Amino acid sequence: MNDHCGLCGKKLTSIDQMLGENRLSDGNVLCNTCLEKASNINQALLSDLHHFSIDDIKNLIQSGNLIKSEDKTDELLQADGLSVTVHTETERLPREFYKRRLREIKAQLKQAKANLSVFTKGEIKELPYILAADEPILAVTDAQFLRTVDAGILLVTPKRIVSVSKAMFGVLKVHDYPNETITGVNFRNHFISPVIIIHTEEKAVEFECFFDKDDAQVFYDFIKKIYNKETSENQQANKEKVLTEDSVFEQLEKLAMLRENGILTEEEFTLQKKKFLEKL
């Protein structure tokens, strides 16, 4: 790996070299200062950095235009044994639209009282590509797939639950769980990292919450009202059914006493008994 920034020429720090996100498609690496400088011009760069060369970055700084040259990302990532995911969002979202959507999403996160770690900044910058304009964030927490090292967020919208995560040397992973596929949610408490479990028609997916276990509890308390509502209604219906059965049997006992005391004839008892049993 190059040990100097491909743009400013300064020697890379250990942090610059650790974060694989700073590497470009031609093998050059940007220091964090140059990366911040370039992303301030076009924030969409952060979601697709591996697909741009040093010449693309220089052109961006000089002209303000982000144009992708011949892409060698697949070759470089495969050489490192990393999975390859090609993103085309920068081609679909104009700069001003992206910036406006990002502001809207940050406002939604603030309204939802989001408490996220600093390691989720990259995931937040991806949200304009993932969430539609009519899909507001209702709740969010810092969470990642169980037994992974990915940084990530778990959020809920009126339409679905979405997981956005990224490992230090990996590509972005987006998993969404539409409302119609979710059968329920659970929470497994732990003094360090509680687990939020999403049950779908096909499987159960578990997310660990290392950053703030109290915030994870708040998030779960919110989503359980949405996705466990049907279960609660079923439980209430079953409870009412039990009460109805108890009430019928109680009435039958009273009828039997009336028959034994000679107040009801056998025919009247049988008729009333039939009516009560039909209620079960």
# chains A, B, ... in the order shown; residues from 1 in each chain; ligands from 1
>>> select_by_dssp(residues="region 77-277 of chain A", states="strand (DSSP E)", output="ChimeraX atom specification")
/A:139-142,144-145,151-156,160-166,173-178,182-188,195-200,204-208
>>> write_last_selection(atoms="N, CA and C atoms", output="CSV table (one decimal), in the first residue's frame")
chain,number,residue,atom,x,y,z
A,139,ALA,N,-37.9,5.8,14.3
A,139,ALA,CA,-37.0,5.5,15.4
A,139,ALA,C,-35.7,4.8,14.9
A,140,VAL,N,-34.7,5.0,15.6
A,140,VAL,CA,-33.4,4.4,15.2
A,140,VAL,C,-32.5,4.1,16.4
A,141,THR,N,-31.6,3.1,16.2
A,141,THR,CA,-30.7,2.8,17.3
A,141,THR,C,-29.4,2.3,16.7
A,142,ASP,N,-28.3,2.3,17.4
A,142,ASP,CA,-27.0,1.8,17.0
A,142,ASP,C,-27.0,0.3,17.2
A,144,GLN,N,-25.8,-3.7,15.2
A,144,GLN,CA,-25.2,-4.5,14.1
A,144,GLN,C,-25.5,-6.0,14.2
A,145,PHE,N,-25.3,-6.7,13.1
A,145,PHE,CA,-25.7,-8.1,13.1
A,145,PHE,C,-24.9,-8.8,14.2
A,151,ALA,N,-20.0,-1.7,12.0
A,151,ALA,CA,-20.7,-0.6,12.6
A,151,ALA,C,-22.0,-0.5,11.9
A,152,GLY,N,-23.1,-0.2,12.6
A,152,GLY,CA,-24.3,-0.1,11.9
A,152,GLY,C,-25.5,0.5,12.6
A,153,ILE,N,-26.6,0.8,11.9
A,153,ILE,CA,-27.7,1.3,12.5
A,153,ILE,C,-29.0,0.5,12.1
A,154,LEU,N,-29.9,0.5,13.0
A,154,LEU,CA,-31.2,-0.2,12.7
A,154,LEU,C,-32.3,0.9,12.9
A,155,LEU,N,-33.1,1.0,11.8
A,155,LEU,CA,-34.1,2.1,11.9
A,155,LEU,C,-35.5,1.5,11.4
A,156,VAL,N,-36.5,2.2,11.8
A,156,VAL,CA,-37.8,1.8,11.3
A,156,VAL,C,-38.5,3.0,10.7
A,160,ARG,N,-41.1,-0.3,6.8
A,160,ARG,CA,-40.2,-1.4,7.0
A,160,ARG,C,-39.2,-1.1,8.1
A,161,ILE,N,-38.4,-2.1,8.5
A,161,ILE,CA,-37.2,-2.0,9.3
A,161,ILE,C,-36.0,-2.1,8.4
A,162,VAL,N,-35.0,-1.3,8.6
A,162,VAL,CA,-33.8,-1.3,7.7
A,162,VAL,C,-32.6,-1.4,8.5
A,163,SER,N,-31.7,-2.2,8.1
A,163,SER,CA,-30.4,-2.3,8.7
A,163,SER,C,-29.3,-1.8,7.7
A,164,VAL,N,-28.5,-0.9,8.2
A,164,VAL,CA,-27.4,-0.4,7.3
A,164,VAL,C,-26.1,-0.6,8.1
A,165,SER,N,-25.2,-1.3,7.5
A,165,SER,CA,-23.9,-1.6,8.3
A,165,SER,C,-22.7,-1.7,7.3
A,166,LYS,N,-21.6,-1.5,7.9
A,166,LYS,CA,-20.3,-1.5,7.1
A,166,LYS,C,-19.2,-1.9,8.0
A,173,LYS,N,-23.6,-2.8,3.6
A,173,LYS,CA,-24.6,-3.8,3.5
A,173,LYS,C,-26.0,-3.2,4.0
A,174,VAL,N,-27.0,-3.4,3.1
A,174,VAL,CA,-28.3,-2.9,3.4
A,174,VAL,C,-29.3,-4.0,3.4
A,175,HIS,N,-30.0,-4.3,4.5
A,175,HIS,CA,-31.0,-5.3,4.6
A,175,HIS,C,-32.3,-4.6,5.1
A,176,ASP,N,-33.3,-4.9,4.3
A,176,ASP,CA,-34.6,-4.3,4.7
A,176,ASP,C,-35.6,-5.4,4.9
A,177,TYR,N,-36.5,-5.2,5.9
A,177,TYR,CA,-37.5,-6.1,6.3
A,177,TYR,C,-38.9,-5.4,6.2
A,178,PRO,N,-39.6,-5.6,5.0
A,178,PRO,CA,-40.9,-5.0,4.9
A,178,PRO,C,-41.9,-5.4,5.9
A,182,ILE,N,-42.7,-9.2,8.5
A,182,ILE,CA,-42.3,-9.3,9.9
A,182,ILE,C,-43.5,-9.9,10.7
A,183,THR,N,-43.2,-10.9,11.4
A,183,THR,CA,-44.2,-11.6,12.2
A,183,THR,C,-44.1,-11.2,13.7
A,184,GLY,N,-43.1,-10.5,14.1
A,184,GLY,CA,-42.9,-10.1,15.5
A,184,GLY,C,-41.5,-9.7,15.8
A,185,VAL,N,-41.3,-9.1,17.0
A,185,VAL,CA,-40.0,-8.7,17.4
A,185,VAL,C,-39.8,-9.1,18.9
A,186,ASN,N,-38.6,-9.3,19.3
A,186,ASN,CA,-38.2,-9.7,20.7
A,186,ASN,C,-37.0,-8.9,21.1
A,187,PHE,N,-36.8,-9.0,22.4
A,187,PHE,CA,-35.6,-8.3,23.0
A,187,PHE,C,-35.0,-9.2,24.1
A,188,ARG,N,-33.7,-9.5,23.9
A,188,ARG,CA,-33.0,-10.3,24.8
A,188,ARG,C,-32.0,-9.4,25.6
A,195,VAL,N,-29.9,-7.7,22.7
A,195,VAL,CA,-30.1,-8.2,21.3
A,195,VAL,C,-31.5,-7.9,20.9
A,196,ILE,N,-31.7,-7.3,19.8
A,196,ILE,CA,-33.0,-7.1,19.2
A,196,ILE,C,-33.2,-8.2,18.1
A,197,ILE,N,-34.3,-8.9,18.2
A,197,ILE,CA,-34.6,-10.0,17.3
A,197,ILE,C,-35.8,-9.7,16.4
A,198,ILE,N,-35.6,-9.7,15.1
A,198,ILE,CA,-36.7,-9.5,14.2
A,198,ILE,C,-37.1,-10.9,13.6
A,199,HIS,N,-38.3,-11.2,13.8
A,199,HIS,CA,-38.9,-12.5,13.3
A,199,HIS,C,-39.6,-12.2,12.0
A,200,THR,N,-39.2,-12.9,10.9
A,200,THR,CA,-39.8,-12.8,9.6
A,200,THR,C,-40.5,-14.1,9.3
A,204,ALA,N,-35.3,-15.7,11.8
A,204,ALA,CA,-35.2,-14.7,12.9
A,204,ALA,C,-33.8,-14.1,12.7
A,205,VAL,N,-33.7,-12.8,12.7
A,205,VAL,CA,-32.5,-12.0,12.5
A,205,VAL,C,-32.2,-11.3,13.8
A,206,GLU,N,-30.9,-11.4,14.3
A,206,GLU,CA,-30.5,-10.8,15.6
A,206,GLU,C,-29.5,-9.7,15.4
A,207,PHE,N,-29.7,-8.6,16.2
A,207,PHE,CA,-28.8,-7.5,16.2
A,207,PHE,C,-28.3,-7.1,17.6
A,208,GLU,N,-27.0,-7.0,17.7
A,208,GLU,CA,-26.4,-6.6,19.0
A,208,GLU,C,-26.4,-5.1,19.1
>>> residues_around(residues="Cys8 (chain A)", least_positions_apart="3", cutoff="10 Å", atoms="only C-alpha atoms", output="PyMOL selection string")
chain A and resi 4-5+11+30-31+33-34
>>> residues_around(residues="Arg100 (chain A)", least_positions_apart="4", cutoff="12 Å", atoms="only C-alpha atoms", output="MDAnalysis selection string")
chainID A and resid 43 93:96 104:107 125 127:128 133
>>> write_last_selection(atoms="all heavy atoms", output="mmCIF file, in the first residue's frame")
data_model
loop_
_atom_site.group_PDB
_atom_site.id
_atom_site.type_symbol
_atom_site.label_atom_id
_atom_site.label_comp_id
_atom_site.auth_asym_id
_atom_site.auth_seq_id
_atom_site.Cartn_x
_atom_site.Cartn_y
_atom_site.Cartn_z
ATOM 1 N N GLN A 43 -20.531 15.293 -1.153
ATOM 2 C CA GLN A 43 -20.657 14.292 -0.101
ATOM 3 C C GLN A 43 -20.978 12.901 -0.646
ATOM 4 O O GLN A 43 -20.721 11.889 0.003
ATOM 5 C CB GLN A 43 -21.740 14.713 0.888
ATOM 6 C CG GLN A 43 -21.354 15.940 1.708
ATOM 7 C CD GLN A 43 -22.424 16.310 2.716
ATOM 8 O OE1 GLN A 43 -23.605 16.118 2.463
ATOM 9 N NE2 GLN A 43 -22.012 16.855 3.838
ATOM 10 N N LEU A 93 -28.440 10.459 -8.063
ATOM 11 C CA LEU A 93 -28.827 11.565 -7.204
ATOM 12 C C LEU A 93 -27.987 12.798 -7.500
ATOM 13 O O LEU A 93 -26.791 12.810 -7.227
ATOM 14 C CB LEU A 93 -28.670 11.183 -5.730
ATOM 15 C CG LEU A 93 -29.667 10.189 -5.146
ATOM 16 C CD1 LEU A 93 -29.419 10.021 -3.658
ATOM 17 C CD2 LEU A 93 -31.100 10.604 -5.396
ATOM 18 N N PRO A 94 -28.600 13.828 -8.043
ATOM 19 C CA PRO A 94 -27.865 15.084 -8.250
ATOM 20 C C PRO A 94 -27.366 15.624 -6.915
ATOM 21 O O PRO A 94 -27.963 15.388 -5.865
ATOM 22 C CB PRO A 94 -28.922 16.016 -8.864
ATOM 23 C CG PRO A 94 -29.951 15.092 -9.443
ATOM 24 C CD PRO A 94 -29.977 13.887 -8.550
ATOM 25 N N ARG A 95 -26.285 16.369 -6.978
ATOM 26 C CA ARG A 95 -25.623 16.850 -5.768
ATOM 27 C C ARG A 95 -26.571 17.618 -4.854
ATOM 28 O O ARG A 95 -26.625 17.358 -3.652
ATOM 29 C CB ARG A 95 -24.436 17.726 -6.171
ATOM 30 C CG ARG A 95 -23.690 18.328 -4.984
ATOM 31 C CD ARG A 95 -22.603 19.257 -5.464
ATOM 32 N NE ARG A 95 -21.944 19.918 -4.355
ATOM 33 C CZ ARG A 95 -21.032 20.873 -4.486
ATOM 34 N NH1 ARG A 95 -20.667 21.257 -5.693
ATOM 35 N NH2 ARG A 95 -20.472 21.432 -3.434
ATOM 36 N N GLU A 96 -27.311 18.573 -5.412
ATOM 37 C CA GLU A 96 -28.177 19.402 -4.584
ATOM 38 C C GLU A 96 -29.318 18.592 -3.985
ATOM 39 O O GLU A 96 -29.714 18.818 -2.837
ATOM 40 C CB GLU A 96 -28.731 20.582 -5.404
ATOM 41 C CG GLU A 96 -27.677 21.601 -5.780
ATOM 42 C CD GLU A 96 -26.929 22.128 -4.557
ATOM 43 O OE1 GLU A 96 -27.592 22.423 -3.535
ATOM 44 O OE2 GLU A 96 -25.690 22.233 -4.620
ATOM 45 N N GLU A 104 -32.714 16.633 5.394
ATOM 46 C CA GLU A 104 -34.020 16.154 5.860
ATOM 47 C C GLU A 104 -33.858 14.947 6.794
ATOM 48 O O GLU A 104 -34.513 14.864 7.837
ATOM 49 C CB GLU A 104 -34.893 15.771 4.661
ATOM 50 C CG GLU A 104 -35.315 16.950 3.805
ATOM 51 C CD GLU A 104 -36.014 16.522 2.524
ATOM 52 O OE1 GLU A 104 -36.042 15.301 2.240
ATOM 53 O OE2 GLU A 104 -36.532 17.391 1.806
ATOM 54 N N ILE A 105 -32.983 14.040 6.404
ATOM 55 C CA ILE A 105 -32.778 12.828 7.201
ATOM 56 C C ILE A 105 -32.140 13.156 8.546
ATOM 57 O O ILE A 105 -32.525 12.604 9.584
ATOM 58 C CB ILE A 105 -31.927 11.823 6.406
ATOM 59 C CG1 ILE A 105 -32.775 11.207 5.293
ATOM 60 C CG2 ILE A 105 -31.351 10.738 7.320
ATOM 61 C CD1 ILE A 105 -32.008 10.382 4.305
ATOM 62 N N LYS A 106 -31.182 14.079 8.554
ATOM 63 C CA LYS A 106 -30.560 14.476 9.818
ATOM 64 C C LYS A 106 -31.584 15.135 10.742
ATOM 65 O O LYS A 106 -31.529 14.952 11.965
ATOM 66 C CB LYS A 106 -29.377 15.405 9.547
ATOM 67 C CG LYS A 106 -28.163 14.686 8.973
ATOM 68 C CD LYS A 106 -26.985 15.624 8.806
ATOM 69 C CE LYS A 106 -25.752 14.869 8.336
ATOM 70 N NZ LYS A 106 -24.572 15.765 8.161
ATOM 71 N N ALA A 107 -32.513 15.880 10.150
ATOM 72 C CA ALA A 107 -33.577 16.499 10.944
ATOM 73 C C ALA A 107 -34.492 15.414 11.528
ATOM 74 O O ALA A 107 -34.928 15.507 12.689
ATOM 75 C CB ALA A 107 -34.378 17.462 10.085
ATOM 76 N N LYS A 125 -24.731 8.856 5.927
ATOM 77 C CA LYS A 125 -24.558 9.505 4.619
ATOM 78 C C LYS A 125 -25.091 8.652 3.473
ATOM 79 O O LYS A 125 -25.297 9.152 2.370
ATOM 80 C CB LYS A 125 -23.085 9.838 4.407
ATOM 81 C CG LYS A 125 -22.595 10.958 5.310
ATOM 82 C CD LYS A 125 -21.122 11.242 5.122
ATOM 83 C CE LYS A 125 -20.675 12.385 6.040
ATOM 84 N NZ LYS A 125 -19.229 12.674 5.926
ATOM 85 N N LEU A 127 -28.037 7.068 3.733
ATOM 86 C CA LEU A 127 -29.492 7.005 3.851
ATOM 87 C C LEU A 127 -30.260 7.711 2.740
ATOM 88 O O LEU A 127 -31.344 7.244 2.364
ATOM 89 C CB LEU A 127 -29.920 7.540 5.221
ATOM 90 C CG LEU A 127 -29.469 6.681 6.419
ATOM 91 C CD1 LEU A 127 -29.955 7.289 7.719
ATOM 92 C CD2 LEU A 127 -29.956 5.246 6.278
ATOM 93 N N PRO A 128 -29.758 8.820 2.160
ATOM 94 C CA PRO A 128 -30.506 9.415 1.038
ATOM 95 C C PRO A 128 -30.672 8.465 -0.141
ATOM 96 O O PRO A 128 -31.612 8.612 -0.928
ATOM 97 C CB PRO A 128 -29.643 10.625 0.656
ATOM 98 C CG PRO A 128 -28.945 10.998 1.917
ATOM 99 C CD PRO A 128 -28.640 9.690 2.580
ATOM 100 N N ALA A 133 -38.256 9.729 -0.255
ATOM 101 C CA ALA A 133 -38.609 11.019 0.348
ATOM 102 C C ALA A 133 -39.862 10.921 1.204
ATOM 103 O O ALA A 133 -40.039 11.691 2.143
ATOM 104 C CB ALA A 133 -38.790 12.063 -0.746
#
>>> closest_residue(among="A:Ser53, A:Cys209, A:Ile223, A:Asn32", to="Thr148 (chain A)", atoms="only C-alpha atoms")
A:Cys209
